[in-house]
Every structure is written in structure tokens, then in C-alpha cells.
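Step one of this worksheet: look at the structure below.
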Amino acid sequence: RRKEPSKAPMLELVDVDLFTSTQEVLAASAGPPSVGCGISRARTRGDDRFLFIVNFRMGAAQLVVTWALPSCGPCKTEPAGVLLERFLGLGMGDDERHDRLKLLPLLIEGPLLLRSAMPPKPAILSRQCTTVYYRGDNCLEASVDCAGASFGKKLTKLLRGGGCVLSMFAIIEGQAEEELPERLLGGVALFNVDIDRATPR
């Protein structure tokens, strides 16, 4: 198997929302506008594209990242585009999604100790943190419990104190020759985030 650089992400980043809540929000896409405001903002702007949401639940704090499927969409004849269509649609069950969705963290700036604890290596998300999928109105959400797993606790630590610059990339794993090469699903850059200063909802 030969590695090659990925093309641009297939999904467009439309919103990043960080907030605290006295009650954990399992599905931001199904919550009230004050909670699922990233989704609400997109819809208020008239954006009716299909949305993919990753809801990182870190105790009282939650980080909700929302991407949209571009109107033109990735080429369906491209292996990654065919896999994306299955992943977002009804052609793939949650059990398979659990075995496919990877997260690649890249710590750009931060303490050396944290760099060694979070190497730039993609990991199957559901094997690191309990992940539940929710299907909403023209959207799919991956709700990730970061509070009870080592990987999630490390991620939470990176987002505390405002001393780190972190990029995260979601990837759908290609598990057969005809599903390669892989391509980035979506990415987000977080600059000096401090979840302890997140907006309460």
C-alpha cells in the first residue's frame, strides 16, 4: 500500500461552537437553537446542504464542529466520494461507521509533554471514545464522549488553558483497495481555545 498526499477536504467547515451546559447535550442537532446554534445559524442563512456534525462532549463543556457537503459534492466516481456517500447516507450502518471514522489531531503549538501524549497519528474514534450517531433533518451527527476515555481526556487537556494551537481532521477509513486513496473528510483549526471560558447556555 502506497501513501500519497490527500486532496482538499471533501466537506466545507461552516461552524465551530464551544459552550458549557449544566445538562449534557447528547445530540446537538436535535437540541434547541441555543444549543444547536451552529446548525441553526447555517439554516438561518439559508444553507440547506447536508450537514455532518461532530459533538465533542467534555463534561460541562462541549465543542460542536459542523461541516457541509458542497453543492457540487465530491466526484462520485472517486473512491473517497463513493465512500462518503455511503457514510453520510443510509447505505452504511452505525456499526460500520464506528469502524470507519478516524480523527487525526495535529498539535501545532503546545507543551512538549502534551505533544508526546497526542502524537499526529489517525485513530478510529469509536475505539478511543464512546461514539453515538444521530440522524436528523438533512444531517448526521457523531456524538463523542470525551470524559470517560484516555484519548478524550488528552483532547480535553489540549483545549484547556488557551496555550495550544490544534488542528483536527476527520477521515473515513478506506478498508479495501477500491476505497483508496483516502481523502480528508473535514478539518478544523483551534487557536488558543480555553474550554473553561466557554459561553454558558
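We label chains A, B, ... in the order they appear in the C-alpha cells, count residues from 1 in each chain, and number ligands from 1 in the order shown.
Near A:Leu190, within 12 Å and counting only C-alpha atoms, sit Val16, Asp17, Leu18, Leu63, Val65, Pro105, Leu106, Leu107, Ile108, Glu109, Gly110, Leu155, Leu158, Leu159, Arg160, Gly162, Gly163, Cys164, Val165, Leu166, Ser167, Met168, Phe169, Gly187, Val188, Asn192, Val193, Asp194 and Ile195 of chain A; same-chain residues fewer than 2 positions away were not included.
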Can you list, as JSON, numbers by chain, every residue of stretch 2-197 of chain A that DSSP puts in alpha helix (DSSP H)?
{"A": [37, 38, 39, 40, 41, 42, 43, 44, 79, 80, 81, 82, 83, 84, 85, 86, 87, 88, 94, 95, 96, 97, 98, 112, 113, 114, 115, 116, 117, 125, 126, 127, 128, 150, 151, 152, 153, 154, 155, 156, 157, 158]}
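Proximity ranking of A:Ala147, A:Leu104, A:Leu125, A:Ala60 relative to A:Gly186 places A:Leu104 first, based on only C-alpha atoms.
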Using DSSP assignments from the backbone, pull out every residue in stretch 35-117 of chain A that falls under strand (DSSP E) and give it to me as an MDAnalysis selection string.
chainID A and resid 51:58 61:68 101:109
Out of A:Ala170, A:Cys139, A:Met58, A:Leu11, which residue has the shortest atom-to-atom distance to A:Leu90 when counting only C-alpha atoms?
A:Cys139
Just how far from atom CA of A:Phe151 is atom CA of A:Ala30, in Å to one decimal?
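According to the coordinates, atom CA of A:Ala30 and atom CA of A:Phe151 are separated by 25.9 Å.
Counting only C-alpha atoms, A:Asp94 has the following residues at most 10 Å away, ignoring those fewer than 5 positions along the same chain: Phe87, Asp99, Arg100, Thr131, Val132, Tyr133, Tyr134 and Ala142 of chain A.
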Would you compute the distance between atom CA of A:Leu69 and atom CA of A:Leu13? Give it in Å to one decimal.
9.2 Å
Tell me which protein, DNA and RNA residues are within 12 Å of A:Leu51, counting only C-alpha atoms, leaving out same-chain ones fewer than 5 positions away, and put them as a ChimeraX atom specification.
/A:11-15,29,38-40,42-43,65-71,88-89,134-142,186
For those residues, write C-alpha atoms to a file as a PDB file, in the first residue's frame.
```
ATOM      1  CA  LEU A  11     -16.684  18.840   3.322  1.00  0.00           C
ATOM      2  CA  GLU A  12     -16.766  22.597   3.945  1.00  0.00           C
ATOM      3  CA  LEU A  13     -16.411  23.877   7.515  1.00  0.00           C
ATOM      4  CA  VAL A  14     -19.432  26.057   8.320  1.00  0.00           C
ATOM      5  CA  ASP A  15     -19.447  26.461  12.101  1.00  0.00           C
ATOM      6  CA  SER A  29     -28.530  18.595  16.094  1.00  0.00           C
ATOM      7  CA  GLY A  38     -24.219  26.038  14.615  1.00  0.00           C
ATOM      8  CA  ILE A  39     -26.897  24.082  12.798  1.00  0.00           C
ATOM      9  CA  SER A  40     -29.446  26.840  13.455  1.00  0.00           C
ATOM     10  CA  ALA A  42     -26.496  27.531   8.948  1.00  0.00           C
ATOM     11  CA  ARG A  43     -30.203  27.015   8.346  1.00  0.00           C
ATOM     12  CA  VAL A  65     -17.982  21.214  14.738  1.00  0.00           C
ATOM     13  CA  THR A  66     -20.261  21.424  11.699  1.00  0.00           C
ATOM     14  CA  TRP A  67     -19.302  20.713   8.095  1.00  0.00           C
ATOM     15  CA  ALA A  68     -21.480  20.881   4.972  1.00  0.00           C
ATOM     16  CA  LEU A  69     -21.498  18.750   1.855  1.00  0.00           C
ATOM     17  CA  PRO A  70     -20.732  21.162  -1.028  1.00  0.00           C
ATOM     18  CA  SER A  71     -23.486  21.572  -3.602  1.00  0.00           C
ATOM     19  CA  LEU A  88     -23.487  10.022   5.196  1.00  0.00           C
ATOM     20  CA  GLY A  89     -26.424   8.163   3.705  1.00  0.00           C
ATOM     21  CA  TYR A 134     -27.789  10.593  15.423  1.00  0.00           C
ATOM     22  CA  ARG A 135     -29.582  11.225  12.151  1.00  0.00           C
ATOM     23  CA  GLY A 136     -31.520  14.478  11.974  1.00  0.00           C
ATOM     24  CA  ASP A 137     -33.187  16.630   9.341  1.00  0.00           C
ATOM     25  CA  ASN A 138     -30.701  16.519   6.453  1.00  0.00           C
ATOM     26  CA  CYS A 139     -27.786  15.926   8.820  1.00  0.00           C
ATOM     27  CA  LEU A 140     -25.743  13.239  10.562  1.00  0.00           C
ATOM     28  CA  GLU A 141     -24.126  13.752  13.968  1.00  0.00           C
ATOM     29  CA  ALA A 142     -21.344  11.829  15.693  1.00  0.00           C
ATOM     30  CA  GLY A 186     -13.169  17.758   7.050  1.00  0.00           C
TER      31      GLY A 186
END
```
Calculate how many Å separate atom CA of A:Gly161 from atom CA of A:Ile124, rounding to one decimal.
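Answer for the atom CA of A:Gly161 to atom CA of A:Ile124 separation: 26.6 Å.
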For A:Cys146, which residue out of A:Leu84, A:Leu185, A:Ile172, A:Leu26 is the nearest one, using only C-alpha atoms?
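Ranking A:Leu84, A:Leu185, A:Ile172, A:Leu26 by distance to A:Cys146, first place goes to A:Leu26.
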Would you mind listing what lies within 10 Å of A:Thr20 as a ChimeraX atom specification, with only C-alpha atoms counted and same-chain residues fewer than 2 positions away left out?
/A:18,22-25,35,57-63,195-201
Residues of the last selection are to be written out with C-alpha atoms, as a short mmCIF file (atom, residue, chain, number, x, y, z; two decimals), in the first residue's frame.
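So the final result, stored in again-v3.cif, reads:
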```cif
data_model
loop_
_atom_site.label_atom_id
_atom_site.label_comp_id
_atom_site.auth_asym_id
_atom_site.auth_seq_id
_atom_site.Cartn_x
_atom_site.Cartn_y
_atom_site.Cartn_z
CA LEU A 18 -17.91 25.95 22.12
CA THR A 22 -25.47 22.26 33.17
CA GLN A 23 -27.02 19.33 31.32
CA GLU A 24 -25.01 17.33 28.78
CA VAL A 25 -26.33 17.64 25.26
CA VAL A 35 -27.65 24.55 21.93
CA ARG A 57 -18.67 16.17 24.91
CA MET A 58 -16.08 17.13 27.53
CA GLY A 59 -18.00 17.12 30.79
CA ALA A 60 -19.66 20.51 31.23
CA ALA A 61 -18.05 21.84 28.06
CA GLN A 62 -18.94 20.83 24.51
CA LEU A 63 -17.26 21.54 21.19
CA ILE A 195 -12.96 25.47 27.45
CA ASP A 196 -13.07 26.95 30.96
CA ARG A 197 -14.04 30.27 29.36
CA ALA A 198 -16.70 28.79 27.11
CA THR A 199 -20.07 30.55 26.84
CA PRO A 200 -22.69 29.07 29.19
CA ARG A 201 -26.01 28.00 27.63
#
```
